[in-house]
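To be precise, the following lines are data_0.txt, and they hold compact mmCIF, C-alpha atoms and all ligand atoms.
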```
# COMPACT_ATOMS: atom_id res chain seq x y z
CA MET A 1 140.11 72.03 224.52
CA GLU A 2 136.40 71.50 223.91
CA GLN A 3 133.69 74.11 224.42
CA ASN A 4 130.14 73.26 223.39
CA SER A 5 131.66 70.23 221.61
CA TYR A 6 133.82 72.35 219.30
CA GLU A 7 137.25 71.07 218.32
CA PHE A 8 139.82 73.82 218.86
CA GLU A 9 142.71 71.69 217.53
CA LEU A 10 145.10 73.05 220.15
CA GLU A 11 147.75 70.40 219.52
CA ARG A 12 147.90 71.33 215.84
CA ILE A 13 148.06 75.02 216.70
CA LYS A 14 150.97 74.48 219.09
CA ALA A 15 152.81 72.27 216.63
CA LEU A 16 152.38 74.84 213.88
CA ILE A 17 153.69 77.65 216.07
CA LYS A 18 156.80 75.62 216.84
CA GLU A 19 157.29 74.47 213.25
CA ARG A 20 157.01 78.00 211.89
CA GLY A 21 159.05 79.53 214.70
CA ALA A 22 156.29 82.07 215.33
CA ARG A 23 157.16 84.53 218.08
CA ARG A 24 153.87 86.39 218.10
CA VAL A 25 150.47 84.98 217.11
CA GLY A 26 146.96 86.37 216.86
CA LEU A 27 143.69 84.61 217.72
CA GLN A 28 140.40 85.64 216.10
CA LEU A 29 137.25 83.97 217.42
CA PRO A 30 133.55 84.34 216.54
CA GLU A 31 131.54 86.43 219.02
CA GLY A 32 129.96 83.45 220.79
CA LEU A 33 133.35 81.87 221.48
CA LYS A 34 135.25 84.94 222.69
CA THR A 35 134.49 83.64 226.19
CA VAL A 36 137.17 80.98 225.74
CA ALA A 37 139.73 83.37 224.25
CA LEU A 38 141.55 84.00 227.53
CA ALA A 39 141.94 80.30 228.29
CA LEU A 40 143.19 79.65 224.75
CA SER A 41 145.63 82.52 224.96
CA ALA A 42 146.99 81.37 228.33
CA GLU A 43 147.49 77.77 227.21
CA ILE A 44 149.13 78.65 223.90
CA SER A 45 151.48 81.13 225.45
CA LYS A 46 152.38 78.78 228.34
CA GLU A 47 153.04 75.79 226.08
CA THR A 48 154.89 77.54 223.27
CA GLY A 49 156.35 80.66 224.88
CA THR A 50 154.89 82.77 222.10
CA GLU A 51 153.22 86.14 222.59
CA VAL A 52 149.47 85.97 221.95
CA ILE A 53 147.28 88.89 220.86
CA LEU A 54 143.49 88.45 220.84
CA SER A 55 141.34 90.17 218.25
CA GLY A 56 138.53 92.16 219.86
CA ASN A 57 137.07 92.96 216.45
CA SER A 58 134.25 91.19 214.63
CA CYS A 59 134.61 87.70 213.22
CA TYR A 60 131.47 87.19 211.18
CA GLY A 61 132.82 84.93 208.50
CA ALA A 62 135.80 83.76 206.49
CA CYS A 63 135.57 87.14 204.78
CA ASP A 64 136.25 88.91 208.03
CA ILE A 65 139.96 88.43 208.65
CA ASP A 66 141.40 90.95 211.12
CA GLU A 67 143.93 92.26 208.63
CA LYS A 68 145.41 94.83 210.96
CA LEU A 69 146.19 92.12 213.51
CA GLU A 70 147.49 89.93 210.68
CA GLY A 71 150.01 92.67 209.96
CA MET A 72 151.26 92.56 213.57
CA VAL A 73 151.80 88.81 214.03
CA ASP A 74 153.71 85.87 212.53
CA LEU A 75 150.58 83.68 212.41
CA LEU A 76 146.91 84.52 212.76
CA PHE A 77 144.56 81.70 213.82
CA HIS A 78 141.07 82.43 212.56
CA PHE A 79 138.44 80.18 214.15
CA GLY A 80 135.13 78.93 212.82
CA HIS A 81 135.53 79.13 209.06
CA THR A 82 137.30 77.62 206.08
CA VAL A 83 139.49 79.61 203.76
CA ASN A 84 137.39 82.04 201.75
CA PRO A 85 137.93 81.76 198.01
CA PHE A 86 136.42 85.22 197.56
CA ARG A 87 138.90 86.93 199.79
CA LYS A 88 140.36 90.03 198.18
CA SER A 89 142.31 91.89 200.78
CA VAL A 90 141.36 95.50 201.06
CA TYR A 91 144.93 96.26 201.99
CA LYS A 92 146.95 93.87 199.86
CA PRO A 93 146.39 91.05 197.39
CA PHE A 94 146.22 87.88 199.47
CA PHE A 95 144.45 84.88 198.15
CA ARG A 96 146.05 82.70 195.52
CA LYS A 97 143.43 80.44 194.04
CA GLU A 98 145.97 77.82 192.97
CA SER A 99 146.93 77.26 196.60
CA PHE A 100 143.41 76.15 197.47
CA THR A 101 142.47 72.58 196.62
CA LYS A 102 139.61 70.39 197.70
CA GLU A 103 142.09 67.60 198.36
CA THR A 104 143.85 69.34 201.26
CA ASN A 105 143.06 67.93 204.66
CA ARG A 106 140.62 69.92 206.70
CA GLY A 107 142.07 72.93 208.36
CA VAL A 108 145.56 72.21 207.06
CA PHE A 109 147.70 75.25 206.50
CA GLU A 110 147.08 75.30 202.76
CA ASN A 111 149.79 77.74 201.86
CA GLN A 112 152.54 79.60 203.55
CA GLU A 113 150.38 82.62 204.25
CA LYS A 114 149.91 83.90 207.75
CA VAL A 115 146.25 83.07 208.28
CA VAL A 116 145.42 79.58 209.58
CA PHE A 117 141.77 78.55 209.55
CA ILE A 118 140.63 76.40 212.49
CA GLU A 119 137.28 75.06 211.39
CA LEU A 120 135.77 74.33 214.82
CA ARG A 121 134.17 71.03 213.91
CA ASN A 122 131.33 70.13 216.22
CA THR A 123 131.00 66.67 217.70
CA VAL A 124 127.27 66.85 218.47
CA ASP A 125 125.35 63.80 217.20
CA ILE A 126 123.25 64.99 214.25
CA LYS A 127 121.35 61.69 213.77
CA PRO A 128 118.44 62.42 216.18
CA VAL A 129 117.62 65.75 214.56
CA VAL A 130 117.84 64.29 211.06
CA GLU A 131 115.41 61.54 212.09
CA ARG A 132 113.09 64.24 213.34
CA ALA A 133 113.39 66.20 210.05
CA VAL A 134 112.11 63.25 208.00
CA ALA A 135 108.47 64.04 208.84
CA GLU A 136 108.76 67.35 206.97
CA ILE A 137 110.32 65.95 203.79
CA LYS A 138 107.73 65.76 201.01
CA GLY A 139 109.60 64.11 198.14
CA ASP A 140 111.79 61.01 197.87
CA CYS A 141 115.00 62.88 197.14
CA VAL A 142 116.63 65.65 199.21
CA GLY A 143 119.73 67.77 198.91
CA LEU A 144 121.83 67.70 202.07
CA VAL A 145 123.88 70.71 203.16
CA ALA A 146 125.53 72.05 206.32
CA THR A 147 127.79 74.77 207.62
CA VAL A 148 131.41 73.76 208.08
CA GLN A 149 130.87 72.85 211.76
CA HIS A 150 128.70 69.88 210.71
CA VAL A 151 129.84 69.13 207.16
CA HIS A 152 131.80 66.04 208.30
CA ALA A 153 128.49 64.55 209.56
CA LEU A 154 126.68 64.72 206.21
CA GLU A 155 127.48 61.11 205.27
CA ALA A 156 125.99 59.93 208.58
CA ALA A 157 122.90 62.05 207.89
CA LYS A 158 122.67 60.50 204.43
CA GLU A 159 122.60 57.01 205.98
CA VAL A 160 119.86 58.03 208.39
CA LEU A 161 117.76 59.31 205.50
CA ALA A 162 118.44 56.19 203.42
CA ARG A 163 117.05 54.03 206.24
CA THR A 164 113.79 55.96 205.94
CA GLY A 165 113.63 55.48 202.17
CA LYS A 166 114.85 58.99 201.25
CA GLN A 167 117.63 59.43 198.77
CA ALA A 168 119.99 62.21 199.90
CA VAL A 169 122.36 64.01 197.55
CA ILE A 170 125.37 65.92 198.85
CA GLY A 171 126.00 68.53 196.19
CA ARG A 172 129.35 69.71 194.94
CA SER A 173 130.23 73.25 195.93
CA ASN A 174 131.65 75.43 193.17
CA ASN A 175 133.95 77.39 195.44
CA LEU A 176 134.01 76.06 198.98
CA LYS A 177 136.31 73.47 200.46
CA TYR A 178 133.83 70.67 201.11
CA ASP A 179 130.95 69.14 199.20
CA GLY A 180 127.67 69.97 200.88
CA GLN A 181 129.20 72.98 202.63
CA VAL A 182 127.30 76.25 202.48
CA LEU A 183 128.32 79.76 203.37
CA GLY A 184 125.99 82.75 203.57
CA CYS A 185 127.45 83.94 200.28
CA ASP A 186 127.79 80.55 198.56
CA PHE A 187 124.93 78.08 198.32
CA SER A 188 126.17 76.35 195.17
CA SER A 189 126.25 72.91 196.86
CA ALA A 190 122.45 73.17 197.28
CA ARG A 191 121.89 73.13 193.53
CA VAL A 192 120.86 69.50 193.18
CA HIS A 193 118.02 67.82 191.33
CA CYS A 194 115.93 66.97 194.38
CA ASP A 195 112.56 68.04 195.72
CA ASP A 196 113.59 69.55 199.06
CA ILE A 197 116.81 70.58 200.81
CA VAL A 198 117.76 69.55 204.34
CA PHE A 199 120.07 72.04 206.06
CA ILE A 200 121.94 71.03 209.22
CA GLY A 201 122.95 73.97 211.37
CA SER A 202 121.65 76.88 213.39
CA GLY A 203 120.00 80.20 212.56
CA SER A 204 117.65 81.25 209.78
CA PHE A 205 119.91 83.08 207.36
CA HIS A 206 121.37 80.03 205.61
CA PRO A 207 118.10 78.13 205.12
CA ALA A 208 116.26 81.29 204.02
CA GLY A 209 119.03 82.12 201.56
CA ILE A 210 119.07 78.56 200.20
CA ALA A 211 115.29 78.65 199.69
CA LEU A 212 115.56 81.92 197.74
CA TYR A 213 118.58 80.68 195.81
CA THR A 214 117.19 77.30 194.81
CA GLY A 215 113.44 78.02 194.83
CA LYS A 216 113.01 74.83 196.92
CA ARG A 217 111.58 74.12 200.37
CA VAL A 218 114.32 73.98 202.96
CA ILE A 219 113.98 71.93 206.11
CA ALA A 220 116.38 73.31 208.70
CA ALA A 221 117.48 70.86 211.40
CA ASP A 222 119.28 72.41 214.37
CA PRO A 223 121.26 69.69 216.19
CA PHE A 224 121.72 71.88 219.28
CA THR A 225 118.09 72.83 219.92
CA MET A 226 116.59 69.82 218.07
CA GLN A 227 114.26 72.31 216.38
CA ILE A 228 112.97 71.73 212.84
CA SER A 229 111.95 74.79 210.76
CA VAL A 230 110.61 74.88 207.23
CA PHE A 231 111.44 77.72 204.83
CA GLU A 232 109.11 78.19 201.85
CA PRO A 233 110.65 80.12 198.95
CA ASP A 234 107.38 81.80 197.91
CA GLU A 235 106.84 83.30 201.35
CA LEU A 236 110.39 84.63 201.49
CA ARG A 237 110.07 86.02 198.00
CA LYS A 238 106.92 87.97 198.91
CA LYS A 239 108.77 89.65 201.79
CA ARG A 240 111.53 90.73 199.43
CA TYR A 241 108.96 92.02 196.91
CA LEU A 242 107.66 94.37 199.60
CA VAL A 243 111.15 95.82 200.11
CA ILE A 244 111.70 96.22 196.36
CA GLY A 245 108.26 97.84 196.04
CA ARG A 246 109.23 100.45 198.62
CA ALA A 247 112.31 101.36 196.57
CA LEU A 248 110.58 101.69 193.21
CA ASP A 249 109.93 105.42 193.66
CA ALA A 250 113.36 106.17 195.12
CA LYS A 251 115.31 108.85 193.27
CA SER A 252 118.57 108.58 195.21
CA PHE A 253 120.54 105.55 196.39
CA GLY A 254 123.52 104.98 198.65
CA ILE A 255 125.58 102.05 197.37
CA LEU A 256 127.23 100.37 200.36
CA ILE A 257 130.71 98.87 200.05
CA GLY A 258 131.90 96.58 202.87
CA MET A 259 135.53 97.01 203.93
CA LYS A 260 135.97 93.41 205.05
CA SER A 261 138.32 91.44 202.85
CA GLY A 262 135.77 89.00 201.47
CA GLN A 263 133.09 91.63 201.02
CA PHE A 264 134.96 94.40 199.24
CA LYS A 265 133.22 94.90 195.89
CA LEU A 266 134.40 98.32 194.78
CA ASN A 267 134.25 97.64 191.04
CA GLU A 268 130.75 96.14 191.21
CA ALA A 269 129.58 99.15 193.25
CA ILE A 270 131.03 101.62 190.72
CA THR A 271 129.32 99.73 187.89
CA LEU A 272 125.99 99.86 189.74
CA GLN A 273 126.44 103.57 190.32
CA LYS A 274 127.01 104.16 186.60
CA ARG A 275 123.96 102.08 185.69
CA ALA A 276 121.79 104.03 188.12
CA VAL A 277 123.03 107.38 186.85
CA ALA A 278 122.37 106.28 183.27
CA LYS A 279 118.73 105.73 184.30
CA GLY A 280 118.48 109.27 185.66
CA LEU A 281 118.90 108.33 189.34
CA GLU A 282 121.30 109.75 191.91
CA ALA A 283 123.72 107.20 193.33
CA TYR A 284 126.52 107.63 195.87
CA LEU A 285 129.27 105.23 196.93
CA ILE A 286 129.57 104.73 200.70
CA VAL A 287 132.30 102.60 202.24
CA LEU A 288 131.92 101.13 205.76
CA GLU A 289 133.61 98.66 208.09
CA GLU A 290 130.33 97.79 209.84
CA ILE A 291 126.97 98.48 208.20
CA THR A 292 124.51 99.66 210.82
CA GLU A 293 121.47 101.92 210.54
CA GLU A 294 123.09 104.41 212.90
CA ARG A 295 126.03 104.91 210.56
CA LEU A 296 123.72 105.53 207.63
CA LEU A 297 121.45 108.08 209.32
CA GLY A 298 123.36 111.10 208.01
CA PHE A 299 123.09 110.05 204.37
CA LYS A 300 119.84 111.57 203.06
CA VAL A 301 119.14 109.15 200.22
CA ASP A 302 115.85 107.34 199.61
CA ALA A 303 117.23 103.79 199.67
CA PHE A 304 120.45 101.80 199.94
CA VAL A 305 122.01 98.97 197.96
CA ASN A 306 124.15 96.42 199.81
CA THR A 307 127.15 95.06 197.90
CA ALA A 308 128.77 93.61 201.06
CA CYS A 309 127.72 90.50 202.98
CA PRO A 310 124.32 89.15 201.84
CA ARG A 311 123.83 87.87 205.36
CA LEU A 312 123.26 91.45 206.53
CA ALA A 313 119.84 91.28 204.86
CA GLU A 314 118.59 89.82 208.15
CA ASP A 315 119.45 93.08 209.92
CA PHE A 316 118.24 95.34 207.13
CA VAL A 317 114.60 94.36 207.59
CA HIS A 318 114.69 96.52 210.73
CA PHE A 319 116.06 99.60 208.91
CA LYS A 320 113.59 102.41 208.17
CA LYS A 321 114.82 102.87 204.59
CA PRO A 322 114.79 99.98 202.15
CA VAL A 323 118.11 98.18 201.66
CA LEU A 324 118.28 96.12 198.47
CA SER A 325 120.60 93.39 197.33
CA ILE A 326 122.38 93.89 194.00
CA ASN A 327 119.84 91.68 192.22
CA GLU A 328 116.92 93.51 193.80
CA PHE A 329 118.40 96.85 192.74
CA GLU A 330 118.57 95.53 189.19
CA VAL A 331 114.82 94.86 189.41
CA VAL A 332 114.33 98.51 190.41
CA LEU A 333 116.50 99.56 187.46
CA GLY A 334 114.28 97.47 185.18
CA ASP A 335 117.19 95.21 184.20
CA ARG A 336 116.07 92.00 185.97
CA SER A 337 112.78 90.20 186.32
CA TRP A 338 110.95 90.08 189.64
CA GLU A 339 111.17 86.27 189.63
CA ASP A 340 114.96 86.35 189.58
CA ILE A 341 115.82 87.89 192.95
CA SER A 342 117.96 85.27 194.66
CA VAL A 343 120.27 87.00 197.13
CA LEU A 344 123.18 85.51 195.23
CA GLU A 345 124.03 85.13 191.59
CA GLN A 346 123.37 81.60 190.40
CA ALA A 347 126.86 80.12 190.40
S1 LIG B 401 128.12 85.25 204.26
FE1 LIG B 401 128.90 87.25 204.79
S2 LIG B 401 130.02 86.89 206.71
FE2 LIG B 401 129.76 84.89 205.73
S3 LIG B 401 131.62 84.62 204.49
FE3 LIG B 401 130.03 85.50 203.15
S4 LIG B 401 130.40 87.70 203.17
FE4 LIG B 401 131.43 86.81 204.98
```
Write out the structure in this file as structure tokens.
Ligand code: SF4
Amino acid sequence: MEQNSYEFELERIKALIKERGARRVGLQLPEGLKTVALALSAEISKETGTEVILSGNSCYGACDIDEKLEGMVDLLFHFGHTVNPFRKSVYKPFFRKESFTKETNRGVFENQEKVVFIELRNTVDIKPVVERAVAEIKGDCVGLVATVQHVHALEAAKEVLARTGKQAVIGRSNNLKYDGQVLGCDFSSARVHCDDIVFIGSGSFHPAGIALYTGKRVIAADPFTMQISVFEPDELRKKRYLVIGRALDAKSFGILIGMKSGQFKLNEAITLQKRAVAKGLEAYLIVLEEITEERLLGFKVDAFVNTACPRLAEDFVHFKKPVLSINEFEVVLGDRSWEDISVLEQA
């Protein structure tokens, strides 16, 4: 099955169901692809005879495994992401680091756990958009990164850039499965000694995060819309300074803990609470499945600190009260310099 050029790897899914003797399986798809869920369910159940249960819950990232559904099925197929090395199940210990190796084939069932990651590789031709991006590249050397849907096309992008006289470096990720792969909470593959970074993918969160993380210009090339956008780290930094500035006079903070398996940072939140209290501030721990402004309305604190998904920062700009990242909160506490506010720790 192909939808918008995504590879659903149905043959592999069916083979795996048969091989594992699974009698009931779960399917978890990102929001934009839930429209194909019924067709997937019908085909899998017809071809394998297995019972299929669709997840109607969120599927924002590899951190967002539907653990309740996982508990009900023999296999859970999670679409659109690679295995998350940061996953710490809220309900039970899950991830064994030793079972994750860079050498495993893409999407292969790395261990005998229940969750199978179907990466949804995209077959769109990235060369035209990379050619278009060249006009925005200032230096001779660029870092090249992509989300997992396009990571297999990075070598082709590198060749395109080489033909225009640009040296492209595909950086090694500290934690993720593929070199050059980025995740909203892991930009380590973008840490290369080049002038600019070229990001292949959609949306603004990844390129903005990479610019803040690396301090470099990021040229985002969207192969679907053919749009090129440039993200300047200084401009992004100024926007974050405004949010930090609004929290400097805050006396009380709500420290938000995400309940999704890859976002659950209870210990870090407790440590932040203690540090805030030691500075004479009030700080409260608040745990949530979904972090929305509506759910926070009842908590009468002056500002919030987000320990869950850094990607949520895009939504927080619309909240009335300031919502800081951990690093930004440390600036408020006086424990970190204003220059050092990357959304992520330097890995
Ligand atoms: S960026 Fe957010 S949604 Fe994506 S894997 Fe990381 S924690 Fe999950």
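Atom to atom, atom CA of Ala133 of chain A and atom CA of Ala221 of chain A stand 6.3 Å apart.
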Closest-contact table, chain A side, partner ligand LIG 401 (chain B), 12 Å, counting only C-alpha atoms and all ligand atoms, as a tab-separated table:
```
residue	atom	partner	partner_atom	distance
A:Pro30	CA	B:LIG401	S2	10.8
A:Ser58	CA	B:LIG401	S2	10.0
A:Cys59	CA	B:LIG401	S2	8.0
A:Tyr60	CA	B:LIG401	S2	4.7
A:Gly61	CA	B:LIG401	S2	3.9
A:Ala62	CA	B:LIG401	S3	4.7
A:Cys63	CA	B:LIG401	FE4	4.2
A:Asp64	CA	B:LIG401	FE4	6.1
A:Ile65	CA	B:LIG401	FE4	9.4
A:Gly80	CA	B:LIG401	S3	10.7
A:His81	CA	B:LIG401	S3	8.1
A:Thr82	CA	B:LIG401	S3	9.2
A:Val83	CA	B:LIG401	S3	9.4
A:Asn84	CA	B:LIG401	S3	6.9
A:Pro85	CA	B:LIG401	S3	9.5
A:Phe86	CA	B:LIG401	S3	8.5
A:Arg87	CA	B:LIG401	S3	9.0
A:Lys88	CA	B:LIG401	S4	11.4
A:Thr147	CA	B:LIG401	FE2	10.5
A:Val148	CA	B:LIG401	S3	11.4
A:Asn175	CA	B:LIG401	S3	11.8
A:Leu176	CA	B:LIG401	S3	10.5
A:Val182	CA	B:LIG401	S1	9.2
A:Leu183	CA	B:LIG401	S1	5.6
A:Gly184	CA	B:LIG401	S1	3.4
A:Cys185	CA	B:LIG401	FE3	4.2
A:Asp186	CA	B:LIG401	FE3	7.1
A:Phe187	CA	B:LIG401	S1	9.8
A:Phe205	CA	B:LIG401	S1	9.0
A:His206	CA	B:LIG401	S1	8.6
A:Gly209	CA	B:LIG401	S1	10.0
A:Ile210	CA	B:LIG401	S1	12.0
A:Ile257	CA	B:LIG401	S4	11.6
A:Gly258	CA	B:LIG401	S4	9.0
A:Met259	CA	B:LIG401	S4	10.7
A:Lys260	CA	B:LIG401	FE4	8.0
A:Ser261	CA	B:LIG401	FE4	8.6
A:Gly262	CA	B:LIG401	S4	5.8
A:Gln263	CA	B:LIG401	S4	5.2
A:Phe264	CA	B:LIG401	S4	9.0
A:Lys265	CA	B:LIG401	S4	10.6
A:Glu290	CA	B:LIG401	S2	11.3
A:Ile291	CA	B:LIG401	FE1	11.9
A:Asn306	CA	B:LIG401	S4	11.2
A:Thr307	CA	B:LIG401	S4	9.6
A:Ala308	CA	B:LIG401	S4	6.5
A:Cys309	CA	B:LIG401	S4	3.9
A:Pro310	CA	B:LIG401	FE1	5.8
A:Arg311	CA	B:LIG401	FE1	5.1
A:Leu312	CA	B:LIG401	FE1	7.2
A:Ala313	CA	B:LIG401	FE1	9.9
A:Glu314	CA	B:LIG401	FE1	11.1
A:Val343	CA	B:LIG401	S1	10.7
A:Leu344	CA	B:LIG401	S1	10.3
```
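Counting all atoms listed in the file and comparing A:Ala42, A:Val230, A:Leu69, A:His152, the residue that lies closest to Ala135 of chain A is A:Val230.
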Mind working out the centre and edge lengths of an axis-aligned box for segment 259-273 of chain A, all listed atoms inside, 5 Å added to each side, rounded to one decimal in Å and written as lines of an AutoDock Vina configuration file?
```
center_x = 132.2
center_y = 96.3
center_z = 196.5
size_x = 22.3
size_y = 24.6
size_z = 27.2
```
Rank nothing, just name the residue among A:Val198, A:Leu281, A:Cys141, A:Ile244 nearest to Ala220 of chain A, using only C-alpha atoms.
A:Val198
Which residue, A:Ala276, A:Val115, A:Ala39, A:Ala247, has the smallest gap to Leu333 of chain A when you use only C-alpha atoms?
A:Ala276
Can you write out as CSV which residues of segment 120-158 of chain A fall within 12 Å of segment 3-15 of chain A, alongside each residue's closest atom pair and its distance in Å to one decimal, counting all atoms listed in the file and ordering rows by chain and ascending residue number?
```
residue,atom,partner,partner_atom,distance
A:Leu120,CA,A:Glu7,CA,5.0
A:Arg121,CA,A:Glu7,CA,5.4
A:Asn122,CA,A:Tyr6,CA,4.5
A:Thr123,CA,A:Ser5,CA,5.3
A:Val124,CA,A:Ser5,CA,6.4
A:Asp125,CA,A:Ser5,CA,10.0
A:Val148,CA,A:Tyr6,CA,11.6
A:Gln149,CA,A:Tyr6,CA,8.1
A:His150,CA,A:Tyr6,CA,10.3
```
Give me, please, the distance in Å between atom CA of Val145 of chain A and atom CA of Ile118 of chain A, quoted to one decimal.
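Separation between atom CA of Val145 of chain A and atom CA of Ile118 of chain A: 20.0 Å.
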Check the smallest atom-to-atom distance from each of A:Leu212, A:Leu154, A:Ala269, A:Leu297 to Lys321 of chain A using all atoms listed in the file, then report the winner.
A:Leu297
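Note that atom CA of Ile286 of chain A and atom CA of Val323 of chain A are 13.2 Å apart.
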